[in-house]
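In what follows, a single structure is set out as structure tokens and then discussed.
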Amino acid sequence: MAQKPSIPKGTRDFLPFQVNRRDYIYNTIKGVFKKFGFAPIETPSFELSSTLMGKYGEEGDRLIFRILNSGEKVKKADLKSLEEGNLPRFANSISEKALRYDLTVPFARFVVQHQNELTFPFKRYQIQPVWRADRPQKGRYQEFYQCDADVVGSDSLLFEIDFIQIFDEVLTKLNIPDFSIKINNRKVLSGIAEITGEEDKIIPITVAIDKLDKIGEEGVVKELKEKGISDQAIKMISPLFSLTGDNKRMISFMKDFLSDSLIGSKGIEELEYVFEKTNLFGLQRAKLEFDVTLARGLNYYTGAIFEVKANGVQMGSICGGGRYDDLTGLFGMNGLSGVGISFGADRIYDVLTELELFPEDISQNLDVLFVNFGEKETQFCLPIVKKLRDNGISVELYPDATKLKKQFKYADDRNVKYTAIFGESEIAKNQVTLKNMATGEQTSVKVDEIIKSLTK
RNA sequence: GUGGUUGUAGCUCAGCUGGUUAGAGCGCCUGAUUGUGGUUCAGGAGGUCGUCGGUUCGAAACCGAUCUUCCACCCCA
């Protein structure tokens with residue numbers, strides 16, 4: 001018996017209307033990337049394990065999909081390591097490849113490998129699927145697409161400003177009514193750790209305060225204590241919990257707060273620059289917000305950190321990004337600063353669905369359907385069909401001369417704009433009857449004028 | 001990775017403390033309407049109750065395993 005077919009957890013099939021909607025998102029993003037001077041690249045869906053492992057922290061390693069060695073190669077299995085409980089070593093003995101976990105690390109590898117073929121600063125965009133062995137939830141899949149734009153080879157803050165505009169422009173074009181671009185700076189976070197005398201605990205500190213809006217001040221204090229942060233340090237940090245007001249005010253507060261920290265002051269200076277320059281031209285719909293509690297991608301970000309949230313929708317962040325000063329250093333090429341952003345296309349899809357923001361016409365795959373009346377009428381139809389197609393109009397002639405009810409229902413299901421009726425009586429008058437499927441209105445047009453009336 | 005949750009027709013869901021032939025709405029197909037879809041009416045098809053095993057005279061229901069869904073952690077797009 002045929003078993004019920006299924007697909008692995010956290011993966012999805014896409015129906016035509018869904019692919020149309022996804023393409024609409026990708027094309028919008030691509031258009032803006034191109035406008036800002038980014039060029040496309042692609043990298044393999046899987047990399048050598050050694051390229052990926054250890055680049056995302058311990059958590060990340062756990063979530064990387066490994067590819068089992070093929071055929072005879074599994075014989076290399078290091079059974080001794082398995083017995084000794086050394087699972088990473090055992091895994092490496094049977095797997096030397098892994099599915100791409102994000103687009104940033106493969107990009108760093110790409111830049112190092114092709115450094116002599118690239119012109120710096122090198123700006124690329126890349127839209128490809130990535131895989132994570134995470135437990136699926138709503139808006140979290142094991143296979144999903146990332147749409148990244150990065151620039152390497154420049155530490156100019158002008159790129160941070162460009163990326164803010166890219167976020168703004170893409171999401172405005174997609175018609176998302178209300179969204180916030182949150183920005184912070186890793187140097188500010190370092191500064192906080194420094195002035196509290198807990199420099200080595202920067203990660204636990206920032207991870208804890210990142211949860212402020214979720215678990216509240218008490219929760220954060222509790223977590224800080226659990227991580228072994230001194231009471232004195234917690235007391236110093238606590239003013240940050242109630243930091244509110246406009247960006248200018250928060251920044252000036254942080255400026256004082258971090259005045260004893262060189263690195264912290266540098267972070268504030270960078271933020272000030274970005275805000276000041278962005279204010280010169282303004283943004284369309286985005287709210288640009290400084291958020292000290294924002295702490296993402298700490299494993300490699302060194303400067304700006306971005307996160308974008310759609311307001312009024314229950315959904316995690318829809319975009320992220322930041323600056324990483326030495327990503328290519330991991331592959332032996334030092335001193336190249338990079339900054340980049342990523343659009344979470346799948347989440348944007350869910351937001352657009354929830355807010356009903358997809359345009360109607362993107363699910364339209366067929367402009368005209370010709371009714372099939374039989375062999376004789378087909379003779380007259382085919383040249384017209386050809387002519388319409390040559391003019392960029394998508395046309396089908398129904399494959400069988402079945403009853404009209406069925407043909408019209410097919411046209412309806414296909415969401416066709418016009419049904420063309422070219423039967424005996426029309427042929428006699430050298431006219432075609434065009435039925436507008438949305439309004440039900442029928443008009444007779446001369447055969448020579450079909451294209452004119454369809455393209456107006 | 002930890003704790004929980006879900007699975008019955010294409011879809012959304014009923015189905016009582018285990019008891020004949022498992023239901024509804026929507027969708028689908030056929031006809032009313034042999035040159036007209038979206039409305040209406042009449043009829044029809046469609047289910048090894050996620051899968052495997054166990055308990056029982058008897059399981060959609062109880063137990064176990066497994067897969068899947070969603071949720072909270074962890075982390076993250």
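So you can find residues: chains in the structure tokens are A, B, ... in the order shown, residues in each start at 1, and ligands are numbered from 1 in order.
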Contacts from chain A to chain B, 7 Å maximum, only C-alpha atoms (C1' of nucleotides): show me the residue list as a list in words.
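Using only C-alpha atoms (C1' of nucleotides), chain A residues at most 7 Å from chain B: Lys9, Glu59, Gln137, Ile318, Cys319, Gly344, Arg347, Leu404, Lys405, Phe408, Lys409 and Asp412 of chain A.
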Output for the residues just chosen: all heavy atoms as a compact mmCIF listing (two decimals), in the first residue's frame:
```txt
# COMPACT_ATOMS: atom_id res chain seq x y z
N LYS A 9 9.89 17.54 9.26
CA LYS A 9 9.39 18.64 10.10
C LYS A 9 10.15 19.92 9.84
O LYS A 9 11.33 19.90 9.51
CB LYS A 9 9.47 18.25 11.58
CG LYS A 9 10.87 18.25 12.14
CD LYS A 9 10.84 18.06 13.66
CE LYS A 9 12.20 17.67 14.17
NZ LYS A 9 12.18 17.06 15.48
N GLU A 59 25.86 26.88 20.96
CA GLU A 59 24.45 26.76 20.58
C GLU A 59 24.33 26.52 19.08
O GLU A 59 23.58 25.66 18.63
CB GLU A 59 23.74 28.09 20.89
CG GLU A 59 22.70 28.10 21.97
CD GLU A 59 22.14 26.78 22.40
OE1 GLU A 59 21.22 26.31 21.70
OE2 GLU A 59 22.56 26.22 23.41
N GLN A 137 8.64 26.11 15.38
CA GLN A 137 7.54 26.81 16.02
C GLN A 137 6.95 27.70 14.94
O GLN A 137 7.45 27.72 13.84
CB GLN A 137 8.05 27.70 17.16
CG GLN A 137 8.07 27.03 18.51
CD GLN A 137 8.62 27.96 19.58
OE1 GLN A 137 8.18 29.09 19.71
NE2 GLN A 137 9.59 27.49 20.32
N ILE A 318 11.80 40.68 12.17
CA ILE A 318 11.70 40.32 10.76
C ILE A 318 12.99 40.60 10.00
O ILE A 318 13.15 40.14 8.89
CB ILE A 318 10.50 41.00 10.07
CG1 ILE A 318 10.54 42.52 10.25
CG2 ILE A 318 9.19 40.46 10.63
CD1 ILE A 318 9.45 43.26 9.48
N CYS A 319 13.89 41.37 10.61
CA CYS A 319 15.19 41.63 9.98
C CYS A 319 16.23 41.80 11.08
O CYS A 319 15.88 42.14 12.21
CB CYS A 319 15.20 42.92 9.18
SG CYS A 319 13.86 43.13 8.02
N GLY A 344 14.26 38.47 6.98
CA GLY A 344 13.63 37.17 7.20
C GLY A 344 12.39 37.06 6.33
O GLY A 344 11.29 37.39 6.75
N ARG A 347 9.20 35.27 7.60
CA ARG A 347 8.45 36.01 8.60
C ARG A 347 7.75 37.21 8.00
O ARG A 347 6.63 37.56 8.39
CB ARG A 347 9.37 36.47 9.73
CG ARG A 347 9.75 35.33 10.62
CD ARG A 347 10.41 35.80 11.88
NE ARG A 347 10.73 34.67 12.72
CZ ARG A 347 11.44 34.76 13.84
NH1 ARG A 347 11.90 35.93 14.21
NH2 ARG A 347 11.69 33.68 14.55
N LEU A 404 -19.31 24.61 -21.74
CA LEU A 404 -18.83 25.93 -21.35
C LEU A 404 -18.78 26.12 -19.83
O LEU A 404 -17.90 26.79 -19.31
CB LEU A 404 -19.71 27.02 -21.97
CG LEU A 404 -19.61 27.18 -23.47
CD1 LEU A 404 -19.99 28.59 -23.87
CD2 LEU A 404 -18.21 26.87 -23.98
N LYS A 405 -19.74 25.55 -19.16
CA LYS A 405 -19.78 25.68 -17.71
C LYS A 405 -18.44 25.27 -17.11
O LYS A 405 -17.89 25.94 -16.25
CB LYS A 405 -20.90 24.79 -17.18
CG LYS A 405 -21.11 24.89 -15.68
CD LYS A 405 -22.15 23.85 -15.26
CE LYS A 405 -22.20 23.67 -13.77
NZ LYS A 405 -22.93 24.76 -13.10
N PHE A 408 -15.62 27.77 -18.08
CA PHE A 408 -15.71 29.03 -17.34
C PHE A 408 -15.32 28.84 -15.87
O PHE A 408 -14.73 29.72 -15.26
CB PHE A 408 -17.12 29.62 -17.44
CG PHE A 408 -17.26 30.54 -18.62
CD1 PHE A 408 -17.69 30.05 -19.85
CD2 PHE A 408 -16.94 31.88 -18.50
CE1 PHE A 408 -17.79 30.89 -20.94
CE2 PHE A 408 -17.06 32.73 -19.60
CZ PHE A 408 -17.48 32.23 -20.83
N LYS A 409 -15.65 27.69 -15.35
CA LYS A 409 -15.28 27.42 -13.97
C LYS A 409 -13.75 27.32 -13.85
O LYS A 409 -13.16 27.80 -12.89
CB LYS A 409 -15.93 26.11 -13.49
CG LYS A 409 -15.57 25.78 -12.08
CD LYS A 409 -16.71 25.04 -11.38
CE LYS A 409 -16.26 24.50 -10.04
NZ LYS A 409 -15.48 25.49 -9.27
N ASP A 412 -12.42 30.72 -13.86
CA ASP A 412 -12.67 31.32 -12.56
C ASP A 412 -11.63 30.85 -11.55
O ASP A 412 -11.02 31.64 -10.83
CB ASP A 412 -14.08 30.91 -12.11
CG ASP A 412 -14.58 31.82 -11.01
OD1 ASP A 412 -14.21 33.00 -10.99
OD2 ASP A 412 -15.34 31.34 -10.16
```
Got a sec: who's within 10 Å of B:G46, counting only C-alpha atoms (C1' of nucleotides), leaving out chain neighbours fewer than 2 positions off, as a list in words?
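Skipping anything fewer than 2 positions along the chain leaves A9, G10, C28 and G44 of chain B.
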Please indicate the distance in Å from atom CA of A:Met437 to atom CA of A:Glu356, rounded to one decimal place.
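So the answer is 22.6 Å.
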Among stretch 19-96 of chain A, which ones does DSSP place in strand (DSSP E or B), written as a PDB file with all heavy atoms, in the first residue's frame?
```
ATOM      1  N   ALA A  39      25.602  43.633  -5.628  1.00  0.00           N
ATOM      2  CA  ALA A  39      25.583  42.681  -6.734  1.00  0.00           C
ATOM      3  C   ALA A  39      25.348  41.272  -6.184  1.00  0.00           C
ATOM      4  O   ALA A  39      25.784  40.954  -5.080  1.00  0.00           O
ATOM      5  CB  ALA A  39      26.919  42.721  -7.475  1.00  0.00           C
ATOM      6  N   PRO A  40      24.664  40.428  -6.959  1.00  0.00           N
ATOM      7  CA  PRO A  40      24.304  39.103  -6.451  1.00  0.00           C
ATOM      8  C   PRO A  40      25.443  38.090  -6.507  1.00  0.00           C
ATOM      9  O   PRO A  40      26.253  38.115  -7.431  1.00  0.00           O
ATOM     10  CB  PRO A  40      23.178  38.665  -7.389  1.00  0.00           C
ATOM     11  CG  PRO A  40      23.474  39.363  -8.674  1.00  0.00           C
ATOM     12  CD  PRO A  40      24.095  40.676  -8.301  1.00  0.00           C
ATOM     13  N   PHE A  46      25.746  23.375   0.764  1.00  0.00           N
ATOM     14  CA  PHE A  46      26.500  22.791   1.870  1.00  0.00           C
ATOM     15  C   PHE A  46      27.975  23.165   1.782  1.00  0.00           C
ATOM     16  O   PHE A  46      28.493  23.434   0.703  1.00  0.00           O
ATOM     17  CB  PHE A  46      26.306  21.279   1.971  1.00  0.00           C
ATOM     18  CG  PHE A  46      26.589  20.494   0.715  1.00  0.00           C
ATOM     19  CD1 PHE A  46      27.823  19.890   0.533  1.00  0.00           C
ATOM     20  CD2 PHE A  46      25.613  20.334  -0.261  1.00  0.00           C
ATOM     21  CE1 PHE A  46      28.087  19.142  -0.610  1.00  0.00           C
ATOM     22  CE2 PHE A  46      25.875  19.584  -1.411  1.00  0.00           C
ATOM     23  CZ  PHE A  46      27.107  18.991  -1.589  1.00  0.00           C
ATOM     24  N   GLU A  47      28.597  23.215   2.928  1.00  0.00           N
ATOM     25  CA  GLU A  47      30.002  23.628   3.043  1.00  0.00           C
ATOM     26  C   GLU A  47      30.760  22.520   3.762  1.00  0.00           C
ATOM     27  O   GLU A  47      30.162  21.604   4.321  1.00  0.00           O
ATOM     28  CB  GLU A  47      30.088  24.904   3.898  1.00  0.00           C
ATOM     29  CG  GLU A  47      29.432  26.138   3.300  1.00  0.00           C
ATOM     30  CD  GLU A  47      30.393  26.976   2.449  1.00  0.00           C
ATOM     31  OE1 GLU A  47      31.604  26.703   2.485  1.00  0.00           O
ATOM     32  OE2 GLU A  47      29.915  27.893   1.757  1.00  0.00           O
ATOM     33  N   LEU A  48      32.073  22.638   3.796  1.00  0.00           N
ATOM     34  CA  LEU A  48      32.846  21.736   4.637  1.00  0.00           C
ATOM     35  C   LEU A  48      32.480  22.039   6.088  1.00  0.00           C
ATOM     36  O   LEU A  48      32.341  23.200   6.461  1.00  0.00           O
ATOM     37  CB  LEU A  48      34.347  21.969   4.421  1.00  0.00           C
ATOM     38  CG  LEU A  48      34.859  21.643   3.018  1.00  0.00           C
ATOM     39  CD1 LEU A  48      36.315  22.075   2.880  1.00  0.00           C
ATOM     40  CD2 LEU A  48      34.708  20.153   2.722  1.00  0.00           C
ATOM     41  N   ARG A  66      24.294  18.168   9.885  1.00  0.00           N
ATOM     42  CA  ARG A  66      25.487  17.516   9.347  1.00  0.00           C
ATOM     43  C   ARG A  66      25.071  16.588   8.213  1.00  0.00           C
ATOM     44  O   ARG A  66      23.990  16.010   8.229  1.00  0.00           O
ATOM     45  CB  ARG A  66      26.172  16.697  10.451  1.00  0.00           C
ATOM     46  CG  ARG A  66      26.415  17.441  11.759  1.00  0.00           C
ATOM     47  CD  ARG A  66      27.509  18.482  11.647  1.00  0.00           C
ATOM     48  NE  ARG A  66      28.754  17.943  11.170  1.00  0.00           N
ATOM     49  CZ  ARG A  66      29.825  17.701  11.931  1.00  0.00           C
ATOM     50  NH1 ARG A  66      29.776  17.940  13.227  1.00  0.00           N
ATOM     51  NH2 ARG A  66      30.928  17.238  11.403  1.00  0.00           N
ATOM     52  N   ILE A  67      25.956  16.391   7.269  1.00  0.00           N
ATOM     53  CA  ILE A  67      25.689  15.474   6.160  1.00  0.00           C
ATOM     54  C   ILE A  67      26.536  14.230   6.349  1.00  0.00           C
ATOM     55  O   ILE A  67      27.763  14.310   6.477  1.00  0.00           O
ATOM     56  CB  ILE A  67      26.012  16.137   4.806  1.00  0.00           C
ATOM     57  CG1 ILE A  67      25.086  17.341   4.583  1.00  0.00           C
ATOM     58  CG2 ILE A  67      25.881  15.131   3.664  1.00  0.00           C
ATOM     59  CD1 ILE A  67      25.398  18.139   3.339  1.00  0.00           C
TER      60      ILE A  67
END
```
Residue with smallest distance to A:Arg296 - pool A:Tyr324, A:Tyr398, A:Phe33, A:Phe253, counting only C-alpha atoms
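Looking at the shortest contact to A:Arg296, the residue is A:Tyr324.
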Nearest to A:Tyr125 by atom-to-atom distance, counting only C-alpha atoms, from A:Lys30, A:Lys435, A:Lys97, A:Lys222
A:Lys30
Do a neighbour search on stretch 225-242 of chain A at 9 Å with only C-alpha atoms (C1' of nucleotides), toss out local chain neighbours closer than 3 positions, and write the hits as an mmCIF file with all heavy atoms, in the first residue's frame.
```cif
data_model
loop_
_atom_site.group_PDB
_atom_site.id
_atom_site.type_symbol
_atom_site.label_atom_id
_atom_site.label_comp_id
_atom_site.auth_asym_id
_atom_site.auth_seq_id
_atom_site.Cartn_x
_atom_site.Cartn_y
_atom_site.Cartn_z
ATOM 1 N N ILE A 192 29.404 49.089 28.987
ATOM 2 C CA ILE A 192 28.608 48.812 30.187
ATOM 3 C C ILE A 192 29.308 47.761 31.046
ATOM 4 O O ILE A 192 29.448 47.918 32.263
ATOM 5 C CB ILE A 192 27.195 48.329 29.793
ATOM 6 C CG1 ILE A 192 26.414 49.475 29.130
ATOM 7 C CG2 ILE A 192 26.432 47.831 31.029
ATOM 8 C CD1 ILE A 192 25.112 49.044 28.482
ATOM 9 N N ALA A 193 29.773 46.700 30.381
ATOM 10 C CA ALA A 193 30.475 45.647 31.123
ATOM 11 C C ALA A 193 31.745 46.206 31.766
ATOM 12 O O ALA A 193 32.078 45.876 32.905
ATOM 13 C CB ALA A 193 30.805 44.489 30.187
ATOM 14 N N ILE A 195 32.540 49.433 32.719
ATOM 15 C CA ILE A 195 32.406 50.347 33.864
ATOM 16 C C ILE A 195 31.851 49.642 35.103
ATOM 17 O O ILE A 195 32.013 50.120 36.213
ATOM 18 C CB ILE A 195 31.547 51.593 33.558
ATOM 19 C CG1 ILE A 195 30.127 51.185 33.198
ATOM 20 C CG2 ILE A 195 32.173 52.472 32.502
ATOM 21 C CD1 ILE A 195 29.136 52.294 33.481
ATOM 22 N N THR A 196 31.196 48.508 34.905
ATOM 23 C CA THR A 196 30.691 47.772 36.068
ATOM 24 C C THR A 196 31.733 46.794 36.588
ATOM 25 O O THR A 196 31.476 46.068 37.545
ATOM 26 C CB THR A 196 29.412 46.997 35.734
ATOM 27 O OG1 THR A 196 29.655 46.176 34.599
ATOM 28 C CG2 THR A 196 28.266 47.937 35.452
ATOM 29 N N GLY A 197 32.879 46.761 35.930
ATOM 30 C CA GLY A 197 33.949 45.884 36.386
ATOM 31 C C GLY A 197 33.694 44.415 36.104
ATOM 32 O O GLY A 197 34.265 43.540 36.743
ATOM 33 N N GLU A 198 32.807 44.145 35.155
ATOM 34 C CA GLU A 198 32.509 42.741 34.836
ATOM 35 C C GLU A 198 32.828 42.484 33.353
ATOM 36 O O GLU A 198 32.052 41.827 32.652
ATOM 37 C CB GLU A 198 31.028 42.440 35.101
ATOM 38 C CG GLU A 198 30.588 42.673 36.525
ATOM 39 C CD GLU A 198 30.773 41.437 37.408
ATOM 40 O OE1 GLU A 198 31.367 40.447 36.923
ATOM 41 O OE2 GLU A 198 30.316 41.470 38.556
ATOM 42 N N LYS A 201 32.241 39.279 31.625
ATOM 43 C CA LYS A 201 30.877 38.719 31.629
ATOM 44 C C LYS A 201 29.951 39.463 30.675
ATOM 45 O O LYS A 201 28.719 39.465 30.849
ATOM 46 C CB LYS A 201 30.310 38.766 33.054
ATOM 47 C CG LYS A 201 31.108 37.916 34.041
ATOM 48 C CD LYS A 201 30.180 37.170 34.988
ATOM 49 C CE LYS A 201 30.937 36.188 35.865
ATOM 50 N NZ LYS A 201 31.565 36.853 37.041
ATOM 51 N N PRO A 204 26.835 37.176 29.241
ATOM 52 C CA PRO A 204 25.701 36.974 30.155
ATOM 53 C C PRO A 204 24.961 38.268 30.490
ATOM 54 O O PRO A 204 23.735 38.273 30.565
ATOM 55 C CB PRO A 204 26.339 36.386 31.414
ATOM 56 C CG PRO A 204 27.675 35.918 31.023
ATOM 57 C CD PRO A 204 28.064 36.593 29.761
ATOM 58 N N ILE A 205 25.704 39.356 30.651
ATOM 59 C CA ILE A 205 25.054 40.622 30.995
ATOM 60 C C ILE A 205 24.125 41.081 29.878
ATOM 61 O O ILE A 205 22.962 41.405 30.098
ATOM 62 C CB ILE A 205 26.100 41.735 31.271
ATOM 63 C CG1 ILE A 205 26.852 41.448 32.575
ATOM 64 C CG2 ILE A 205 25.433 43.105 31.351
ATOM 65 C CD1 ILE A 205 27.983 42.425 32.864
ATOM 66 N N ILE A 209 19.994 41.520 29.801
ATOM 67 C CA ILE A 209 19.240 42.768 29.627
ATOM 68 C C ILE A 209 18.492 42.784 28.300
ATOM 69 O O ILE A 209 17.513 43.513 28.150
ATOM 70 C CB ILE A 209 20.112 44.047 29.788
ATOM 71 C CG1 ILE A 209 21.223 44.125 28.755
ATOM 72 C CG2 ILE A 209 20.689 44.141 31.183
ATOM 73 C CD1 ILE A 209 22.013 45.423 28.848
ATOM 74 N N LEU A 212 14.780 42.244 28.740
ATOM 75 C CA LEU A 212 14.044 43.192 29.586
ATOM 76 C C LEU A 212 12.558 43.284 29.225
ATOM 77 O O LEU A 212 11.689 43.156 30.090
ATOM 78 C CB LEU A 212 14.688 44.572 29.508
ATOM 79 C CG LEU A 212 14.026 45.652 30.367
ATOM 80 C CD1 LEU A 212 14.140 45.311 31.839
ATOM 81 C CD2 LEU A 212 14.659 47.017 30.102
ATOM 82 N N GLY A 216 10.900 41.495 32.212
ATOM 83 C CA GLY A 216 10.837 42.626 33.138
ATOM 84 C C GLY A 216 12.104 42.798 33.960
ATOM 85 O O GLY A 216 13.005 41.955 33.949
ATOM 86 N N GLU A 217 12.125 43.911 34.694
ATOM 87 C CA GLU A 217 13.307 44.274 35.468
ATOM 88 C C GLU A 217 13.675 43.199 36.495
ATOM 89 O O GLU A 217 14.838 42.806 36.619
ATOM 90 C CB GLU A 217 13.053 45.607 36.173
ATOM 91 C CG GLU A 217 14.272 46.124 36.901
ATOM 92 C CD GLU A 217 14.096 47.555 37.382
ATOM 93 O OE1 GLU A 217 13.232 48.269 36.846
ATOM 94 O OE2 GLU A 217 14.844 47.953 38.291
ATOM 95 N N VAL A 220 15.285 40.192 34.940
ATOM 96 C CA VAL A 220 16.656 40.455 34.502
ATOM 97 C C VAL A 220 17.608 40.430 35.701
ATOM 98 O O VAL A 220 18.671 39.800 35.648
ATOM 99 C CB VAL A 220 16.748 41.817 33.772
ATOM 100 C CG1 VAL A 220 18.185 42.143 33.427
ATOM 101 C CG2 VAL A 220 15.901 41.787 32.499
ATOM 102 N N VAL A 221 17.194 41.095 36.775
ATOM 103 C CA VAL A 221 18.044 41.126 37.972
ATOM 104 C C VAL A 221 18.293 39.708 38.475
ATOM 105 O O VAL A 221 19.423 39.341 38.818
ATOM 106 C CB VAL A 221 17.382 41.984 39.077
ATOM 107 C CG1 VAL A 221 18.121 41.813 40.404
ATOM 108 C CG2 VAL A 221 17.351 43.446 38.658
ATOM 109 N N LYS A 222 17.241 38.904 38.438
ATOM 110 C CA LYS A 222 17.360 37.522 38.902
ATOM 111 C C LYS A 222 18.374 36.751 38.046
ATOM 112 O O LYS A 222 19.248 36.059 38.565
ATOM 113 C CB LYS A 222 15.980 36.849 38.806
ATOM 114 C CG LYS A 222 15.879 35.580 39.613
ATOM 115 C CD LYS A 222 14.449 35.024 39.554
ATOM 116 C CE LYS A 222 14.483 33.513 39.629
ATOM 117 N NZ LYS A 222 13.437 32.878 38.840
ATOM 118 N N MET A 254 23.371 57.993 28.027
ATOM 119 C CA MET A 254 24.387 56.954 27.897
ATOM 120 C C MET A 254 25.788 57.565 27.767
ATOM 121 O O MET A 254 26.773 56.976 28.203
ATOM 122 C CB MET A 254 24.100 56.061 26.687
ATOM 123 C CG MET A 254 22.907 55.139 26.854
ATOM 124 S SD MET A 254 22.965 54.149 28.360
ATOM 125 C CE MET A 254 24.352 53.082 28.044
ATOM 126 N N VAL A 292 19.272 50.259 24.118
ATOM 127 C CA VAL A 292 20.463 49.691 24.795
ATOM 128 C C VAL A 292 20.313 48.220 25.085
ATOM 129 O O VAL A 292 21.309 47.536 25.305
ATOM 130 C CB VAL A 292 20.727 50.286 26.209
ATOM 131 C CG1 VAL A 292 22.094 50.883 26.291
ATOM 132 C CG2 VAL A 292 19.617 51.123 26.709
ATOM 133 N N THR A 293 19.076 47.738 25.149
ATOM 134 C CA THR A 293 18.910 46.341 25.544
ATOM 135 C C THR A 293 19.034 45.389 24.353
ATOM 136 O O THR A 293 18.956 44.178 24.509
ATOM 137 C CB THR A 293 17.538 46.115 26.217
ATOM 138 O OG1 THR A 293 16.509 46.242 25.238
ATOM 139 C CG2 THR A 293 17.324 47.106 27.335
#
```
Ranking A:Asn299, A:Lys446, A:Thr51, A:Ala133 by minimum distance to A:Thr206 and counting only C-alpha atoms, which one comes first?
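Looking only at the distances to A:Thr206, the closest residue turns out to be A:Asn299.
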Report, in Å with one decimal, the straight-line distance from atom CA of A:Glu377 to atom CA of A:Phe422.
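Going from atom CA of A:Glu377 over to atom CA of A:Phe422 covers 7.2 Å.
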